[in-house]
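Shown here: work-v6.txt, compact mmCIF, N, CA and C atoms.
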# COMPACT_ATOMS: atom_id res chain seq x y z
N MET E 45 34.34 12.49 31.67
CA MET E 45 33.36 12.85 30.66
C MET E 45 33.26 14.37 30.59
N ASP E 46 33.08 14.91 29.41
CA ASP E 46 32.90 16.32 29.18
C ASP E 46 31.59 16.78 29.84
N ILE E 47 31.61 17.93 30.54
CA ILE E 47 30.44 18.40 31.26
C ILE E 47 29.27 18.65 30.31
N LYS E 48 29.55 19.10 29.10
CA LYS E 48 28.47 19.35 28.12
C LYS E 48 27.77 18.04 27.78
N ILE E 49 28.53 17.00 27.52
CA ILE E 49 27.95 15.68 27.21
C ILE E 49 27.21 15.14 28.43
N GLU E 50 27.82 15.30 29.59
CA GLU E 50 27.22 14.81 30.82
C GLU E 50 25.86 15.45 31.07
N LEU E 51 25.78 16.77 30.93
CA LEU E 51 24.52 17.45 31.17
C LEU E 51 23.50 17.17 30.09
N GLU E 52 23.94 17.03 28.85
CA GLU E 52 23.00 16.74 27.78
C GLU E 52 22.38 15.36 27.96
N GLN E 53 23.07 14.45 28.61
CA GLN E 53 22.47 13.15 28.91
C GLN E 53 21.35 13.29 29.92
N GLU E 54 21.37 14.36 30.69
CA GLU E 54 20.31 14.64 31.66
C GLU E 54 19.21 15.50 31.04
N ASN E 55 19.18 15.61 29.72
CA ASN E 55 18.22 16.42 28.98
C ASN E 55 18.41 17.91 29.22
N LEU E 56 19.63 18.31 29.52
CA LEU E 56 19.98 19.72 29.63
C LEU E 56 20.83 20.09 28.43
N LYS E 57 20.68 21.29 27.96
CA LYS E 57 21.51 21.80 26.87
C LYS E 57 22.51 22.77 27.46
N VAL E 58 23.71 22.78 26.94
CA VAL E 58 24.77 23.64 27.48
C VAL E 58 25.35 24.48 26.36
N PHE E 59 25.48 25.77 26.63
CA PHE E 59 26.03 26.70 25.64
C PHE E 59 27.02 27.63 26.33
N ARG E 60 28.04 28.02 25.59
CA ARG E 60 28.88 29.12 26.06
C ARG E 60 28.04 30.38 25.90
N LYS E 61 28.33 31.37 26.70
CA LYS E 61 27.54 32.61 26.69
C LYS E 61 27.40 33.18 25.28
N ASP E 62 28.50 33.22 24.52
CA ASP E 62 28.45 33.81 23.19
C ASP E 62 27.74 32.94 22.16
N GLU E 63 27.49 31.68 22.49
CA GLU E 63 26.79 30.77 21.57
C GLU E 63 25.27 30.82 21.74
N PHE E 64 24.81 31.36 22.84
CA PHE E 64 23.37 31.35 23.15
C PHE E 64 22.72 32.58 22.52
N THR E 65 22.46 32.48 21.23
CA THR E 65 21.94 33.59 20.44
C THR E 65 20.43 33.49 20.25
N LYS E 66 19.85 34.54 19.71
CA LYS E 66 18.41 34.53 19.41
C LYS E 66 18.05 33.39 18.47
N GLN E 67 18.95 33.10 17.53
CA GLN E 67 18.69 32.01 16.59
C GLN E 67 18.67 30.66 17.30
N VAL E 68 19.59 30.45 18.22
CA VAL E 68 19.62 29.21 19.00
C VAL E 68 18.34 29.08 19.82
N ILE E 69 17.93 30.17 20.44
CA ILE E 69 16.69 30.16 21.23
C ILE E 69 15.51 29.82 20.33
N ALA E 70 15.45 30.43 19.15
CA ALA E 70 14.36 30.15 18.21
C ALA E 70 14.37 28.69 17.77
N ASP E 71 15.56 28.16 17.49
CA ASP E 71 15.67 26.76 17.07
C ASP E 71 15.21 25.81 18.17
N LEU E 72 15.66 26.06 19.40
CA LEU E 72 15.24 25.22 20.52
C LEU E 72 13.73 25.33 20.75
N SER E 73 13.19 26.52 20.54
CA SER E 73 11.76 26.74 20.76
C SER E 73 10.89 26.02 19.73
N ASN E 74 11.49 25.64 18.61
CA ASN E 74 10.75 24.83 17.64
C ASN E 74 10.44 23.45 18.20
N ASN E 75 11.30 22.97 19.09
CA ASN E 75 11.11 21.64 19.67
C ASN E 75 10.51 21.66 21.07
N TYR E 76 10.73 22.74 21.78
CA TYR E 76 10.26 22.84 23.17
C TYR E 76 9.50 24.14 23.34
N HIS E 77 8.38 24.07 24.04
CA HIS E 77 7.52 25.22 24.26
C HIS E 77 8.18 26.22 25.22
N VAL E 78 8.88 25.70 26.21
CA VAL E 78 9.44 26.55 27.27
C VAL E 78 10.91 26.18 27.51
N LEU E 79 11.72 27.20 27.71
CA LEU E 79 13.13 27.00 28.05
C LEU E 79 13.44 27.74 29.33
N LEU E 80 14.21 27.12 30.19
CA LEU E 80 14.70 27.74 31.41
C LEU E 80 16.21 27.90 31.21
N ALA E 81 16.69 29.12 31.05
CA ALA E 81 18.11 29.37 30.80
C ALA E 81 18.79 29.86 32.07
N CYS E 82 19.72 29.08 32.58
CA CYS E 82 20.44 29.38 33.82
C CYS E 82 21.83 29.88 33.46
N ASP E 83 22.08 31.15 33.67
CA ASP E 83 23.31 31.80 33.23
C ASP E 83 24.36 31.77 34.34
N LEU E 84 25.35 30.90 34.18
CA LEU E 84 26.47 30.82 35.11
C LEU E 84 27.73 31.39 34.47
N SER E 85 27.56 32.49 33.78
CA SER E 85 28.68 33.06 33.03
C SER E 85 29.73 33.65 33.95
N SER E 86 30.88 33.90 33.38
CA SER E 86 32.00 34.41 34.17
C SER E 86 31.80 35.87 34.58
N ARG E 87 30.72 36.50 34.14
CA ARG E 87 30.44 37.86 34.59
C ARG E 87 30.30 37.92 36.11
N ALA E 88 29.66 36.90 36.65
CA ALA E 88 29.45 36.84 38.10
C ALA E 88 30.77 36.52 38.79
N ASP E 89 30.95 37.08 39.98
CA ASP E 89 32.18 36.76 40.70
C ASP E 89 32.10 35.33 41.24
N SER E 90 33.20 34.86 41.77
CA SER E 90 33.31 33.47 42.20
C SER E 90 32.27 33.10 43.25
N ALA E 91 32.02 33.99 44.20
CA ALA E 91 31.04 33.71 45.25
C ALA E 91 29.64 33.59 44.66
N GLU E 92 29.32 34.47 43.70
CA GLU E 92 28.01 34.39 43.05
C GLU E 92 27.87 33.10 42.26
N ARG E 93 28.91 32.74 41.54
CA ARG E 93 28.86 31.49 40.76
C ARG E 93 28.65 30.29 41.68
N GLN E 94 29.32 30.28 42.82
CA GLN E 94 29.13 29.20 43.80
C GLN E 94 27.68 29.18 44.28
N GLU E 95 27.15 30.36 44.59
CA GLU E 95 25.78 30.48 45.08
C GLU E 95 24.78 30.02 44.01
N TYR E 96 25.01 30.43 42.76
CA TYR E 96 24.12 30.04 41.68
C TYR E 96 24.17 28.53 41.43
N ALA E 97 25.37 27.96 41.47
CA ALA E 97 25.50 26.51 41.28
C ALA E 97 24.78 25.76 42.40
N GLN E 98 24.93 26.25 43.62
CA GLN E 98 24.24 25.61 44.75
C GLN E 98 22.73 25.73 44.58
N ALA E 99 22.27 26.86 44.06
CA ALA E 99 20.83 27.05 43.83
C ALA E 99 20.32 26.05 42.78
N LEU E 100 21.15 25.77 41.78
CA LEU E 100 20.74 24.79 40.76
C LEU E 100 20.69 23.38 41.34
N ILE E 101 21.56 23.08 42.27
CA ILE E 101 21.50 21.79 42.97
C ILE E 101 20.21 21.72 43.77
N HIS E 102 19.92 22.78 44.51
CA HIS E 102 18.70 22.82 45.32
C HIS E 102 17.45 22.69 44.44
N GLY E 103 17.49 23.28 43.26
CA GLY E 103 16.36 23.22 42.33
C GLY E 103 16.27 21.93 41.54
N GLY E 104 17.25 21.05 41.72
CA GLY E 104 17.22 19.77 41.02
C GLY E 104 17.68 19.81 39.58
N ILE E 105 18.39 20.87 39.20
CA ILE E 105 18.87 21.01 37.83
C ILE E 105 20.16 20.23 37.63
N ILE E 106 21.11 20.40 38.54
CA ILE E 106 22.38 19.68 38.47
C ILE E 106 22.56 18.91 39.77
N THR E 107 23.50 17.98 39.76
CA THR E 107 23.79 17.20 40.97
C THR E 107 24.94 17.84 41.73
N ASP E 108 25.06 17.48 42.98
CA ASP E 108 26.17 17.96 43.80
C ASP E 108 27.50 17.52 43.22
N GLU E 109 27.54 16.31 42.66
CA GLU E 109 28.78 15.79 42.08
C GLU E 109 29.22 16.60 40.87
N GLY E 110 28.29 17.16 40.15
CA GLY E 110 28.63 17.91 38.95
C GLY E 110 28.93 19.38 39.19
N LYS E 111 28.78 19.83 40.42
CA LYS E 111 28.94 21.26 40.73
C LYS E 111 30.31 21.79 40.34
N GLU E 112 31.36 21.13 40.76
CA GLU E 112 32.71 21.62 40.48
C GLU E 112 33.00 21.67 38.98
N ARG E 113 32.48 20.69 38.25
CA ARG E 113 32.70 20.67 36.80
C ARG E 113 31.94 21.81 36.13
N VAL E 114 30.75 22.10 36.64
CA VAL E 114 29.98 23.22 36.10
C VAL E 114 30.71 24.53 36.39
N LEU E 115 31.22 24.67 37.60
CA LEU E 115 31.92 25.89 37.98
C LEU E 115 33.23 26.08 37.23
N ALA E 116 33.82 25.01 36.77
CA ALA E 116 35.08 25.09 36.04
C ALA E 116 34.91 25.72 34.66
N GLU E 117 33.71 25.70 34.14
CA GLU E 117 33.46 26.32 32.83
C GLU E 117 33.55 27.84 32.97
N GLU E 118 34.21 28.49 32.01
CA GLU E 118 34.39 29.94 32.11
C GLU E 118 33.11 30.72 31.86
N SER E 119 32.31 30.26 30.93
CA SER E 119 31.09 30.98 30.57
C SER E 119 30.08 29.96 30.09
N ILE E 120 29.09 29.69 30.91
CA ILE E 120 28.17 28.60 30.59
C ILE E 120 26.73 29.01 30.86
N ILE E 121 25.86 28.59 29.97
CA ILE E 121 24.43 28.73 30.16
C ILE E 121 23.84 27.33 30.05
N ILE E 122 23.14 26.91 31.08
CA ILE E 122 22.48 25.60 31.09
C ILE E 122 21.02 25.84 30.76
N VAL E 123 20.54 25.17 29.72
CA VAL E 123 19.16 25.34 29.29
C VAL E 123 18.38 24.07 29.59
N VAL E 124 17.27 24.25 30.31
CA VAL E 124 16.39 23.14 30.66
C VAL E 124 15.16 23.26 29.77
N PRO E 125 14.95 22.31 28.87
CA PRO E 125 13.76 22.40 28.00
C PRO E 125 12.53 21.78 28.66
N PHE E 126 11.39 22.42 28.44
CA PHE E 126 10.11 21.93 28.96
C PHE E 126 9.05 21.99 27.86
N PHE E 127 8.05 21.15 27.98
CA PHE E 127 6.90 21.22 27.10
C PHE E 127 5.77 22.00 27.76
N SER E 128 5.82 22.16 29.08
CA SER E 128 4.75 22.77 29.86
C SER E 128 5.26 23.97 30.65
N LEU E 129 4.57 25.09 30.52
CA LEU E 129 4.93 26.27 31.28
C LEU E 129 4.71 26.04 32.78
N GLU E 130 3.69 25.30 33.13
CA GLU E 130 3.40 25.02 34.54
C GLU E 130 4.57 24.32 35.23
N ILE E 131 5.13 23.31 34.59
CA ILE E 131 6.26 22.58 35.18
C ILE E 131 7.50 23.47 35.22
N ALA E 132 7.71 24.27 34.19
CA ALA E 132 8.85 25.19 34.18
C ALA E 132 8.74 26.20 35.32
N GLU E 133 7.54 26.72 35.56
CA GLU E 133 7.35 27.67 36.65
C GLU E 133 7.61 27.01 38.00
N GLN E 134 7.17 25.78 38.18
CA GLN E 134 7.42 25.06 39.43
C GLN E 134 8.92 24.88 39.64
N THR E 135 9.63 24.53 38.58
CA THR E 135 11.07 24.35 38.67
C THR E 135 11.75 25.68 39.00
N TYR E 136 11.33 26.74 38.33
CA TYR E 136 11.88 28.08 38.58
C TYR E 136 11.73 28.44 40.06
N ARG E 137 10.57 28.18 40.62
CA ARG E 137 10.31 28.54 42.03
C ARG E 137 11.18 27.74 43.00
N ARG E 138 11.64 26.56 42.60
CA ARG E 138 12.49 25.74 43.47
C ARG E 138 13.94 26.22 43.49
N ILE E 139 14.31 27.07 42.56
CA ILE E 139 15.69 27.54 42.45
C ILE E 139 15.85 28.83 43.25
N PRO E 140 16.61 28.80 44.35
CA PRO E 140 16.83 30.02 45.12
C PRO E 140 17.52 31.09 44.26
N HIS E 141 17.09 32.33 44.43
CA HIS E 141 17.69 33.48 43.73
C HIS E 141 17.53 33.39 42.21
N ALA E 142 16.55 32.66 41.74
CA ALA E 142 16.39 32.45 40.30
C ALA E 142 16.26 33.76 39.52
N SER E 143 15.64 34.74 40.11
CA SER E 143 15.45 36.00 39.39
C SER E 143 16.77 36.68 39.02
N HIS E 144 17.86 36.29 39.68
CA HIS E 144 19.16 36.89 39.41
C HIS E 144 19.90 36.26 38.23
N PHE E 145 19.57 35.00 37.88
CA PHE E 145 20.37 34.34 36.85
C PHE E 145 19.60 33.36 35.96
N VAL E 146 18.30 33.26 36.15
CA VAL E 146 17.49 32.34 35.35
C VAL E 146 16.48 33.14 34.54
N THR E 147 16.39 32.81 33.24
CA THR E 147 15.40 33.43 32.36
C THR E 147 14.52 32.33 31.81
N VAL E 148 13.21 32.58 31.82
CA VAL E 148 12.26 31.66 31.22
C VAL E 148 11.90 32.19 29.84
N TYR E 149 11.98 31.33 28.84
CA TYR E 149 11.58 31.69 27.48
C TYR E 149 10.33 30.90 27.13
N LEU E 150 9.32 31.59 26.63
CA LEU E 150 8.08 30.97 26.17
C LEU E 150 7.98 31.21 24.67
N ASP E 151 8.00 30.13 23.91
CA ASP E 151 7.97 30.22 22.44
C ASP E 151 9.02 31.18 21.90
N GLY E 152 10.22 31.14 22.48
CA GLY E 152 11.35 31.91 21.99
C GLY E 152 11.47 33.32 22.53
N GLU E 153 10.52 33.77 23.33
CA GLU E 153 10.55 35.11 23.89
C GLU E 153 10.67 35.05 25.41
N PRO E 154 11.39 36.01 26.01
CA PRO E 154 11.47 36.03 27.48
C PRO E 154 10.08 36.12 28.10
N TYR E 155 9.86 35.33 29.13
CA TYR E 155 8.56 35.27 29.81
C TYR E 155 8.73 35.91 31.17
N THR E 156 7.90 36.89 31.48
CA THR E 156 8.09 37.65 32.71
C THR E 156 6.87 37.62 33.64
N ALA E 157 5.96 36.71 33.44
CA ALA E 157 4.79 36.62 34.33
C ALA E 157 5.23 36.15 35.71
N ASN E 158 4.31 35.88 36.56
CA ASN E 158 4.57 35.55 37.96
C ASN E 158 5.23 34.19 38.15
N CYS E 159 6.51 34.09 37.89
CA CYS E 159 7.23 32.83 38.10
C CYS E 159 7.48 32.61 39.54

How does this structure look as structure tokens?
Amino acid sequence: MDIKIELEQENLKVFRKDEFTKQVIADLSNNYHVLLACDLSSRADSAERQEYAQALIHGGIITDEGKERVLAEESIIIVVPFFSLEIAEQTYRRIPHASHFVTVYLDGEPYTANC
């Protein structure tokens, strides 16, 4: 199964880095109050990508079985949609090193409060 389809079945959205535009964020924000965007793009070196993927497993975003498939993507952003900022903040806190690769969007704008 394609990793994009697989993750979307888990209520995650997947975008290539160049596809994740302000317009896409605005469109998603019409349906969801809060977005958690996890950037596993190829900018990061292999060790960082491994660490970030492991952090997403620890945070409950992806499964251990899906890790290698996620890492195989050259440039990927996994977006977790939420209706509640409180739940998004809790999820953010469960992800180790989240400040390095996770952005929270509130109503389409980056949210920088005490996550």

Of the listed residues E:Ala91, E:Asp108, E:Tyr96, E:Ile122, that which approaches His141 of chain E most closely, counting only N, CA and C atoms: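 Nearest candidate to His141 of chain E out of E:Ala91, E:Asp108, E:Tyr96, E:Ile122: E:Tyr96.
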
Å distance separating atom N of Leu72 of chain E from atom CA of Leu115 of chain E, one decimal place: 24.7 Å

Determine, counting all atoms listed in the file, which protein, DNA and RNA residues have an atom within 5 Å of an atom of segment 57-62 of chain E; residues of the same chain fewer than 3 positions away are not included. Present the result as a tab-separated table (two decimals) with N, CA and C atoms, in the frame of the given file.
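Okay, part18.tsv is ready:
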chain	number	residue	atom	x	y	z
E	119	SER	N	32.31	30.26	30.93
E	119	SER	CA	31.09	30.98	30.57
E	119	SER	C	30.08	29.96	30.09
E	120	ILE	N	29.09	29.69	30.91
E	120	ILE	CA	28.17	28.60	30.59
E	120	ILE	C	26.73	29.01	30.86
E	121	ILE	N	25.86	28.59	29.97
E	121	ILE	CA	24.43	28.73	30.16
E	121	ILE	C	23.84	27.33	30.05
E	122	ILE	N	23.14	26.91	31.08
E	122	ILE	CA	22.48	25.60	31.09
E	122	ILE	C	21.02	25.84	30.76
E	123	VAL	N	20.54	25.17	29.72
E	123	VAL	CA	19.16	25.34	29.29
E	123	VAL	C	18.38	24.07	29.59

Long-range neighbours of His144 of chain E as a PyMOL selection string, 10 Å cut-off, only C-alpha atoms, 2 positions minimum in chain: chain E and resi 82-83+92+96+140-142+146-147

Atom pair atom N of Gln134 of chain E / atom C of Glu63 of chain E: separation (Å):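 Between atom N of Gln134 of chain E and atom C of Glu63 of chain E the gap is 25.0 Å.
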
Nearest to Ser85 of chain E, chosen from E:Val148, E:Ile105, E:Glu118, E:Gly110, with all atoms listed in the file counted in the distances: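 Nearest to Ser85 of chain E: E:Glu118.
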
Computed interatomic separation between atom C of Arg137 of chain E and atom CA of His102 of chain E (Å):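 About the pair atom C of Arg137 of chain E and atom CA of His102 of chain E: they are 9.3 Å apart.
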
Test item, helix (DSSP H, G or I) assignment across segment 84-125 of chain E, answer as a list in words: Ser90, Ala91, Glu92, Arg93, Gln94, Glu95, Tyr96, Ala97, Gln98, Ala99, Leu100, Ile101, His102, Lys111, Glu112, Arg113, Val114, Leu115 and Ala116 of chain E

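The nearest approach to Leu79 of chain E among the residues E:Phe126, E:Tyr155, E:Phe145, E:Phe64, with all atoms listed in the file taken into account, belongs to E:Phe126.
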
All strand (DSSP E) residues (DSSP, backbone) inside segment 69-146 of chain E, as a ChimeraX atom specification: /E:78-83,121-126,146

Residue nearest Tyr136 of chain E - candidates E:Lys66, E:Asp71, E:Arg93, E:Val78, atoms counted: only C-alpha atoms: E:Val78

Close residues, Asp151 of chain E itself excluded, 7 Å, only N, CA and C atoms, min 6 positions apart in chain, as a ChimeraX atom specification: /E:69-70,73-74,76-79

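Candidate residues E:Glu153, E:Ala116, E:Thr107, E:Phe127 were compared for distance to Asn75 of chain E, and the nearest is E:Phe127, using all atoms listed in the file.
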
Nearest residue to Gly103 of chain E from the set E:Ser143, E:Gln67, E:Leu150, E:Thr135 (distances using all atoms listed in the file): E:Thr135
